[in-house]
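K.L.:
I'd like to ask you about the structure that follows.
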Amino acid sequence: MRTSARRGEGADAPFVRSARRFSIERHGRLPPGNSRSDLEVWCTFKTAHVTVMPDAITIVIPWFGPDTAGGAETQARQLAAAIHALGVPVEVWTTDGRDSFSPPVPYYRTGAEVVDGVLVRRFPLTPPRPAPHDPYIPAAVQRIGLPADWIDFPDHEQRLLASLASSDTLLDAIAAERNRRRFIFMPYPFPTTFWGTLLAGERGHLLPCLHDEPYARYSTYRWMFRHTRRVLANSPAERALALRLYDLPPDRVVMAGEGIDLTPRGDGAAFRAQHGLHGPVLRYAGRRDAAKNFPLLLMYLREYWARRGTPLTLVLTGRDPADIPPPLKAIVLDLGDVSVQERHDAYAAADVFIQPSTYESFSIVLMESWLQGAPALVNARCDVTREAVEASGGGLSFDGFAEFAAALDLLLENRALRRALGARGRAWVLEHCRWEDVARRTVAAVMKEDGTG
Amino acid sequence: MTDNQSHSSGGAPDVAAVLEQLRAGVRAQHAARRQIGDDALRRALQRSLDDLEITRVVSAHWPLTGRTLPQKAMALVNRVVRRYLRWYINPIVEQQNAFNDAAARTLRLLAEAYQELARHVAEQQEAGANIQPHAHHERDNDDTGGSAAVEAPSDVDIDPASAPTYADLMAQVRDRAAVEPPARFIELELHDALTNAQSRQIVTAHWPLTGRTIVEKAIALHNRIVRQYLRWLINPIVEQQNAANDALTTALRTLIRVDAAFRADVAAFRASRQRRR
């Protein structure tokens, strides 16, 4: 649901005009180097800062909005709404880009809007530097000075930061508001997070959505984790990873957890009837790329199908295009981008939900599938999902093709077992994934005063 | 099959048996021809891979010599110039070699993948059928299951609390996995190799030239000026090479997709045979 007009100069034009007057009266001049659109954003922001309550929690994320896809982005939206529901002042600062699946160009209107009752401020996107991504230092950082360690960071790590979308105006705003807000930056790899934590200083908190991936070992990110006041982990395994990778004191990494919307009810029978599905239905949801091990899932499933001859169907949902070899379309039903209800119907129709990814900090889709009673088969090399399956008893794990095939055999040949495991998973989600609890833990961690805060 | 077997008990020729005998002969001839063709192809492939291995390393340090005195003097001058410019030329050559190495590895793996695929096809043919590519693309909704993973009638629900624990179930999984025939997924290696090649395909002549001490900074400034001057010569070469690198990785990516499509074809055929059993 879109909550305010995009790209129009409608409702808030008087607001922007009064903001401009206010800004010029207060500062006597415009901020240097700002374009006309930057000016309006800056003025809007300036008006906001005189009305905002002290210590408002401000979530900073590159992409946010009704049309934005992605795990961290979904988490940000639901976390902001949950904090707002507690009555704690919260805002979201983001860019006008859509999401990481879309080109880095404006999609939403810059300025302020309200999403799920939460004030969202959109700043103009600063596109990635063109290849070979020459290292780039935002103006806000240049003003306060680079960290002494910057020169020691390898060139390719500096170039990685320059290769990702950011927002210089957003970073300017963080620098200006650093003493009035408590910031939560997410997810960890982006320039808005790296430079934002530097600018926010002791008021910066990191909600990293950390995965055990090569980037996590970069010295830039190690530096960022070690210079952030507190890190909020989505799962015990993510917390353990952060402690292990960055040698952090245990009290610096808090297990705030993550929630999901617990209200959807999927209709599996209707979904099967609608799509003419018979026989075993397997389910995958999420990005269809190598980082999520989607090609591995297709390969394993292809070999399983060839060996068993089992007439199965893998149901896929997701917006990004999938490269599926034509002969595999006999066993793959790719629905693309579907409604929330259809997504949950597909979970409910599944005999087994498969999560092959090893790069997870929580796995929203795993929890959603459990909510609909589907047993899970997860990659044993992912501590986050394997520990969730161990703790809930809601599924099995596989390490290699032989275990994948054996686990699928075990699940597909016993409907009662599937139901029992799915019920366990659902009970675990209902107990552990309530947003209200997560929001309370998050607020407590961010607002807690301590020796470092 | 013998002559006696191709006659019915009454002495009349058994037409079906004769036809089968003829078909078997034709199949044997085709297989023999294919074997000869395959062997020739394999040898050609191996030769090209050997050539690739020999030529993939580019060197900026070939011998510079001369026979006459002027030639020797010229060679000496050239050696001095080459030595002077090695800070500029060598890193470019090293980047290209890194890409060549990654691309060559991907090609070797592709060749290995084709041979593995050929073995799979041969196994299926030996099992008594010819593969019909793209013959099984229709949605397979046959409810009759295959040899395994056939659901037992079990409508009685299990109390989730009394269902086997994760540890118990995983013990069963491991027992079953122990008897599962091994599978190799060469595409995973191909994917890694291609990713490696893609990450090295852009050669740059503009890496940072900096220094910490005053002397290093002075040298860096000098080198930047020289590089700026020589860009008319070096940049077009690097750009052409980058275009070639890009075309090569695109071709490799396409070949890998073709390989994946053929593997899926073979899998579809194996699945249909498995169901018929």
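In the structure tokens, each chain is lettered A, B, ... as it comes, each chain's residues begin at 1, and ligands are numbered from 1 in order of appearance.
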With a distance cut-off of 7 Å and only C-alpha atoms, select the neighbouring residues of segment 44-58 of chain B, excluding the residue or stretch itself and same-chain residues fewer than 3 positions from it, and output the selection as a ChimeraX atom specification.

P.N.:
/B:40-41,93,97,100-101,104,108

K.L.:
Can you pull out every residue within 10 Å of segment 210-213 of chain B, counting only C-alpha atoms, but drop anything in the same chain fewer than 6 positions away, and send it as an mmCIF file with N, CA, C and O atoms, in the first residue's frame?

P.N.:
```cif
data_model
loop_
_atom_site.group_PDB
_atom_site.id
_atom_site.type_symbol
_atom_site.label_atom_id
_atom_site.label_comp_id
_atom_site.auth_asym_id
_atom_site.auth_seq_id
_atom_site.Cartn_x
_atom_site.Cartn_y
_atom_site.Cartn_z
ATOM 1 N N ILE B 219 58.389 10.020 -6.585
ATOM 2 C CA ILE B 219 58.397 8.996 -7.646
ATOM 3 C C ILE B 219 56.979 8.771 -8.159
ATOM 4 O O ILE B 219 56.748 8.666 -9.376
ATOM 5 N N ALA B 220 56.033 8.722 -7.228
ATOM 6 C CA ALA B 220 54.634 8.497 -7.625
ATOM 7 C C ALA B 220 54.147 9.624 -8.531
ATOM 8 O O ALA B 220 53.468 9.381 -9.544
ATOM 9 N N LEU B 221 54.514 10.856 -8.193
ATOM 10 C CA LEU B 221 54.103 12.000 -9.011
ATOM 11 C C LEU B 221 54.711 11.897 -10.408
ATOM 12 O O LEU B 221 54.029 12.094 -11.424
ATOM 13 N N ASN B 223 55.679 9.177 -11.921
ATOM 14 C CA ASN B 223 55.047 8.074 -12.647
ATOM 15 C C ASN B 223 53.658 8.456 -13.145
ATOM 16 O O ASN B 223 53.250 8.041 -14.231
ATOM 17 N N ARG B 224 52.947 9.238 -12.338
ATOM 18 C CA ARG B 224 51.615 9.655 -12.782
ATOM 19 C C ARG B 224 51.702 10.520 -14.034
ATOM 20 O O ARG B 224 50.892 10.400 -14.944
#
```

K.L.:
So that I can check the surroundings of Arg272 of chain A, please list as a JSON list (two decimals) with all heavy atoms, in the first residue's frame every protein, DNA and RNA residue that reaches within 10 Å of it, counting only C-alpha atoms and ignoring chain neighbours fewer than 2 positions away.

P.N.:
```
[["chain", "number", "residue", "atom", "x", "y", "z"],
["A", 267, "ASP", "N", -3.93, -20.98, 2.27],
["A", 267, "ASP", "CA", -4.88, -22.03, 1.88],
["A", 267, "ASP", "C", -4.17, -22.94, 0.87],
["A", 267, "ASP", "O", -4.17, -22.69, -0.33],
["A", 267, "ASP", "CB", -6.13, -21.39, 1.28],
["A", 267, "ASP", "CG", -7.22, -22.43, 0.99],
["A", 267, "ASP", "OD1", -6.89, -23.64, 0.92],
["A", 267, "ASP", "OD2", -8.38, -22.02, 0.84],
["A", 268, "GLY", "N", -3.59, -24.02, 1.38],
["A", 268, "GLY", "CA", -2.81, -24.91, 0.54],
["A", 268, "GLY", "C", -3.65, -25.65, -0.47],
["A", 268, "GLY", "O", -3.26, -25.82, -1.63],
["A", 269, "ALA", "N", -4.83, -26.09, -0.06],
["A", 269, "ALA", "CA", -5.69, -26.87, -0.97],
["A", 269, "ALA", "C", -6.11, -26.02, -2.16],
["A", 269, "ALA", "O", -6.09, -26.47, -3.31],
["A", 269, "ALA", "CB", -6.91, -27.38, -0.20],
["A", 270, "ALA", "N", -6.49, -24.77, -1.87],
["A", 270, "ALA", "CA", -6.91, -23.88, -2.96],
["A", 270, "ALA", "C", -5.74, -23.62, -3.91],
["A", 270, "ALA", "O", -5.92, -23.58, -5.13],
["A", 270, "ALA", "CB", -7.41, -22.56, -2.37],
["A", 274, "GLN", "N", -5.77, -24.50, -7.77],
["A", 274, "GLN", "CA", -5.62, -23.40, -8.73],
["A", 274, "GLN", "C", -4.53, -23.70, -9.76],
["A", 274, "GLN", "O", -4.66, -23.37, -10.94],
["A", 274, "GLN", "CB", -5.28, -22.11, -7.97],
["A", 274, "GLN", "CG", -5.15, -20.89, -8.87],
["A", 274, "GLN", "CD", -4.61, -19.68, -8.11],
["A", 274, "GLN", "OE1", -4.54, -19.69, -6.88],
["A", 274, "GLN", "NE2", -4.23, -18.66, -8.85],
["A", 275, "HIS", "N", -3.45, -24.33, -9.31],
["A", 275, "HIS", "CA", -2.31, -24.57, -10.21],
["A", 275, "HIS", "C", -2.26, -26.02, -10.70],
["A", 275, "HIS", "O", -1.28, -26.40, -11.35],
["A", 275, "HIS", "CB", -1.01, -24.20, -9.51],
["A", 275, "HIS", "CG", -0.92, -22.72, -9.21],
["A", 275, "HIS", "ND1", -0.65, -21.78, -10.17],
["A", 275, "HIS", "CD2", -1.11, -22.04, -8.05],
["A", 275, "HIS", "CE1", -0.66, -20.57, -9.62],
["A", 275, "HIS", "NE2", -0.94, -20.70, -8.33],
["A", 276, "GLY", "N", -3.29, -26.79, -10.39],
["A", 276, "GLY", "CA", -3.33, -28.18, -10.87],
["A", 276, "GLY", "C", -2.18, -29.01, -10.36],
["A", 276, "GLY", "O", -1.60, -29.80, -11.12],
["A", 277, "LEU", "N", -1.83, -28.85, -9.12],
["A", 277, "LEU", "CA", -0.67, -29.55, -8.57],
["A", 277, "LEU", "C", -1.09, -30.89, -7.96],
["A", 277, "LEU", "O", -2.02, -30.95, -7.16],
["A", 277, "LEU", "CB", 0.01, -28.69, -7.50],
["A", 277, "LEU", "CG", 0.62, -27.38, -7.98],
["A", 277, "LEU", "CD1", 1.18, -26.60, -6.80],
["A", 277, "LEU", "CD2", 1.70, -27.64, -9.01],
["A", 278, "HIS", "N", -0.39, -31.93, -8.37],
["A", 278, "HIS", "CA", -0.57, -33.25, -7.76],
["A", 278, "HIS", "C", 0.81, -33.75, -7.37],
["A", 278, "HIS", "O", 1.80, -33.31, -7.93],
["A", 278, "HIS", "CB", -1.19, -34.22, -8.77],
["A", 278, "HIS", "CG", -2.47, -33.71, -9.36],
["A", 278, "HIS", "ND1", -3.68, -33.81, -8.74],
["A", 278, "HIS", "CD2", -2.72, -33.05, -10.53],
["A", 278, "HIS", "CE1", -4.62, -33.27, -9.48],
["A", 278, "HIS", "NE2", -4.05, -32.78, -10.59],
["A", 279, "GLY", "N", 0.86, -34.66, -6.45],
["A", 279, "GLY", "CA", 2.15, -35.20, -6.05],
["A", 279, "GLY", "C", 2.89, -34.23, -5.14],
["A", 279, "GLY", "O", 2.36, -33.16, -4.77],
["A", 281, "VAL", "N", 4.89, -31.39, -3.40],
["A", 281, "VAL", "CA", 5.15, -29.98, -3.71],
["A", 281, "VAL", "C", 6.28, -29.51, -2.79],
["A", 281, "VAL", "O", 6.19, -29.61, -1.57],
["A", 281, "VAL", "CB", 3.90, -29.11, -3.50],
["A", 281, "VAL", "CG1", 4.24, -27.63, -3.61],
["A", 281, "VAL", "CG2", 2.83, -29.48, -4.52],
["A", 345, "ASP", "N", -0.26, -18.98, 0.68],
["A", 345, "ASP", "CA", -0.96, -20.15, 0.15],
["A", 345, "ASP", "C", 0.06, -21.18, -0.36],
["A", 345, "ASP", "O", -0.11, -22.38, -0.17],
["A", 345, "ASP", "CB", -1.89, -19.74, -1.01],
["A", 345, "ASP", "CG", -3.09, -18.93, -0.54],
["A", 345, "ASP", "OD1", -3.36, -18.91, 0.69],
["A", 345, "ASP", "OD2", -3.75, -18.30, -1.39],
["A", 346, "ALA", "N", 1.10, -20.66, -1.03],
["A", 346, "ALA", "CA", 2.11, -21.57, -1.57],
["A", 346, "ALA", "C", 2.88, -22.28, -0.45],
["A", 346, "ALA", "O", 3.22, -23.46, -0.56],
["A", 346, "ALA", "CB", 3.08, -20.79, -2.47],
["A", 348, "ALA", "N", 1.59, -22.99, 2.44],
["A", 348, "ALA", "CA", 0.65, -23.95, 3.03],
["A", 348, "ALA", "C", 0.49, -25.18, 2.14],
["A", 348, "ALA", "O", 0.20, -26.28, 2.64],
["A", 348, "ALA", "CB", -0.71, -23.27, 3.24],
["A", 349, "ALA", "N", 0.70, -25.00, 0.83],
["A", 349, "ALA", "CA", 0.56, -26.13, -0.09],
["A", 349, "ALA", "C", 1.79, -27.03, -0.10],
["A", 349, "ALA", "O", 1.75, -28.14, -0.62],
["A", 349, "ALA", "CB", 0.32, -25.60, -1.51],
["A", 350, "ALA", "N", 2.87, -26.54, 0.49],
["A", 350, "ALA", "CA", 4.16, -27.25, 0.36],
["A", 350, "ALA", "C", 4.23, -28.47, 1.27],
["A", 350, "ALA", "O", 3.81, -28.43, 2.42],
["A", 350, "ALA", "CB", 5.30, -26.30, 0.67]]
```

K.L.:
Show me, as number ranges by chain, every residue of chain A with an atom at most 8 Å from chain B, counting only C-alpha atoms.

P.N.:
A: 132, 277-279, 296, 299, 302-303, 305-312, 325-331, 389-390, 393-397, 401-403, 405-417, 419-421, 423-424

K.L.:
Write down as a VMD selection string the residues of segment 347-423 of chain A whose backbone DSSP state falls under strand (DSSP E).

P.N.:
chain A and resid 352 to 355 376 to 379 395 to 398

K.L.:
Name the residues of segment 14-249 of chain B that come out as alpha helix (DSSP H) in a backbone DSSP run; write them as a ChimeraX atom specification.

P.N.:
/B:15-55,69-84,86-126,166-178,186-200,214-249

K.L.:
What lies within 12 Å of Glu368 of chain A using only C-alpha atoms, ignoring chain neighbours under 3 positions off, as a PyMOL selection string?

P.N.:
chain A and resi 259-266+283-286+340-341+343-348+350+353+355+362-365+371-376+422+425-430+433

K.L.:
Pick out the closest residue to Pro187 of chain A from this set: A:Glu73, A:Asp320, A:Glu258, A:Glu387. Count only C-alpha atoms.

P.N.:
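Smallest distance to Pro187 of chain A is found for A:Glu73.
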
K.L.:
For Asn196 of chain B, please output as a VMD selection string all residues within 9 Å (counting only C-alpha atoms; exclusion window: fewer than 4 positions along the same chain).

P.N.:
chain B and resid 99 102 to 103 106 191 to 192 200 to 201

K.L.:
Using only C-alpha atoms, which protein or nucleic acid residues come within 12 Å of Ala118 of chain B? Drop anything in the same chain fewer than 3 positions from it, and give the result as a ChimeraX atom specification.

P.N.:
/B:34-35,38-39,41-42,111-115,121-125,131,259,262-263,266

K.L.:
Using only C-alpha atoms, please write the residues we just selected to a file, as a PDB file, in the first residue's frame.

P.N.:
```pdb
ATOM      1  CA  ARG B  34      30.440 -42.452 -33.178  1.00  0.00           C
ATOM      2  CA  GLN B  35      33.265 -43.888 -31.112  1.00  0.00           C
ATOM      3  CA  ASP B  38      34.280 -39.072 -30.406  1.00  0.00           C
ATOM      4  CA  ASP B  39      37.912 -40.164 -30.132  1.00  0.00           C
ATOM      5  CA  LEU B  41      36.983 -34.905 -31.120  1.00  0.00           C
ATOM      6  CA  ARG B  42      38.496 -35.750 -27.761  1.00  0.00           C
ATOM      7  CA  ALA B 111      35.847 -29.763 -21.383  1.00  0.00           C
ATOM      8  CA  GLU B 112      35.720 -32.062 -18.364  1.00  0.00           C
ATOM      9  CA  ALA B 113      32.007 -31.358 -17.980  1.00  0.00           C
ATOM     10  CA  TYR B 114      31.341 -32.284 -21.622  1.00  0.00           C
ATOM     11  CA  GLN B 115      33.203 -35.557 -21.223  1.00  0.00           C
ATOM     12  CA  VAL B 121      24.539 -40.137 -22.314  1.00  0.00           C
ATOM     13  CA  ALA B 122      26.470 -43.274 -23.223  1.00  0.00           C
ATOM     14  CA  GLU B 123      25.293 -44.987 -20.036  1.00  0.00           C
ATOM     15  CA  GLN B 124      21.701 -44.221 -20.885  1.00  0.00           C
ATOM     16  CA  GLN B 125      22.170 -45.450 -24.451  1.00  0.00           C
ATOM     17  CA  ILE B 131      17.684 -39.842 -25.807  1.00  0.00           C
ATOM     18  CA  ASP B 259      25.791 -27.460 -20.508  1.00  0.00           C
ATOM     19  CA  PHE B 262      21.828 -30.668 -21.671  1.00  0.00           C
ATOM     20  CA  ARG B 263      22.213 -32.003 -18.130  1.00  0.00           C
ATOM     21  CA  VAL B 266      19.530 -36.133 -19.514  1.00  0.00           C
TER      22      VAL B 266
END
```
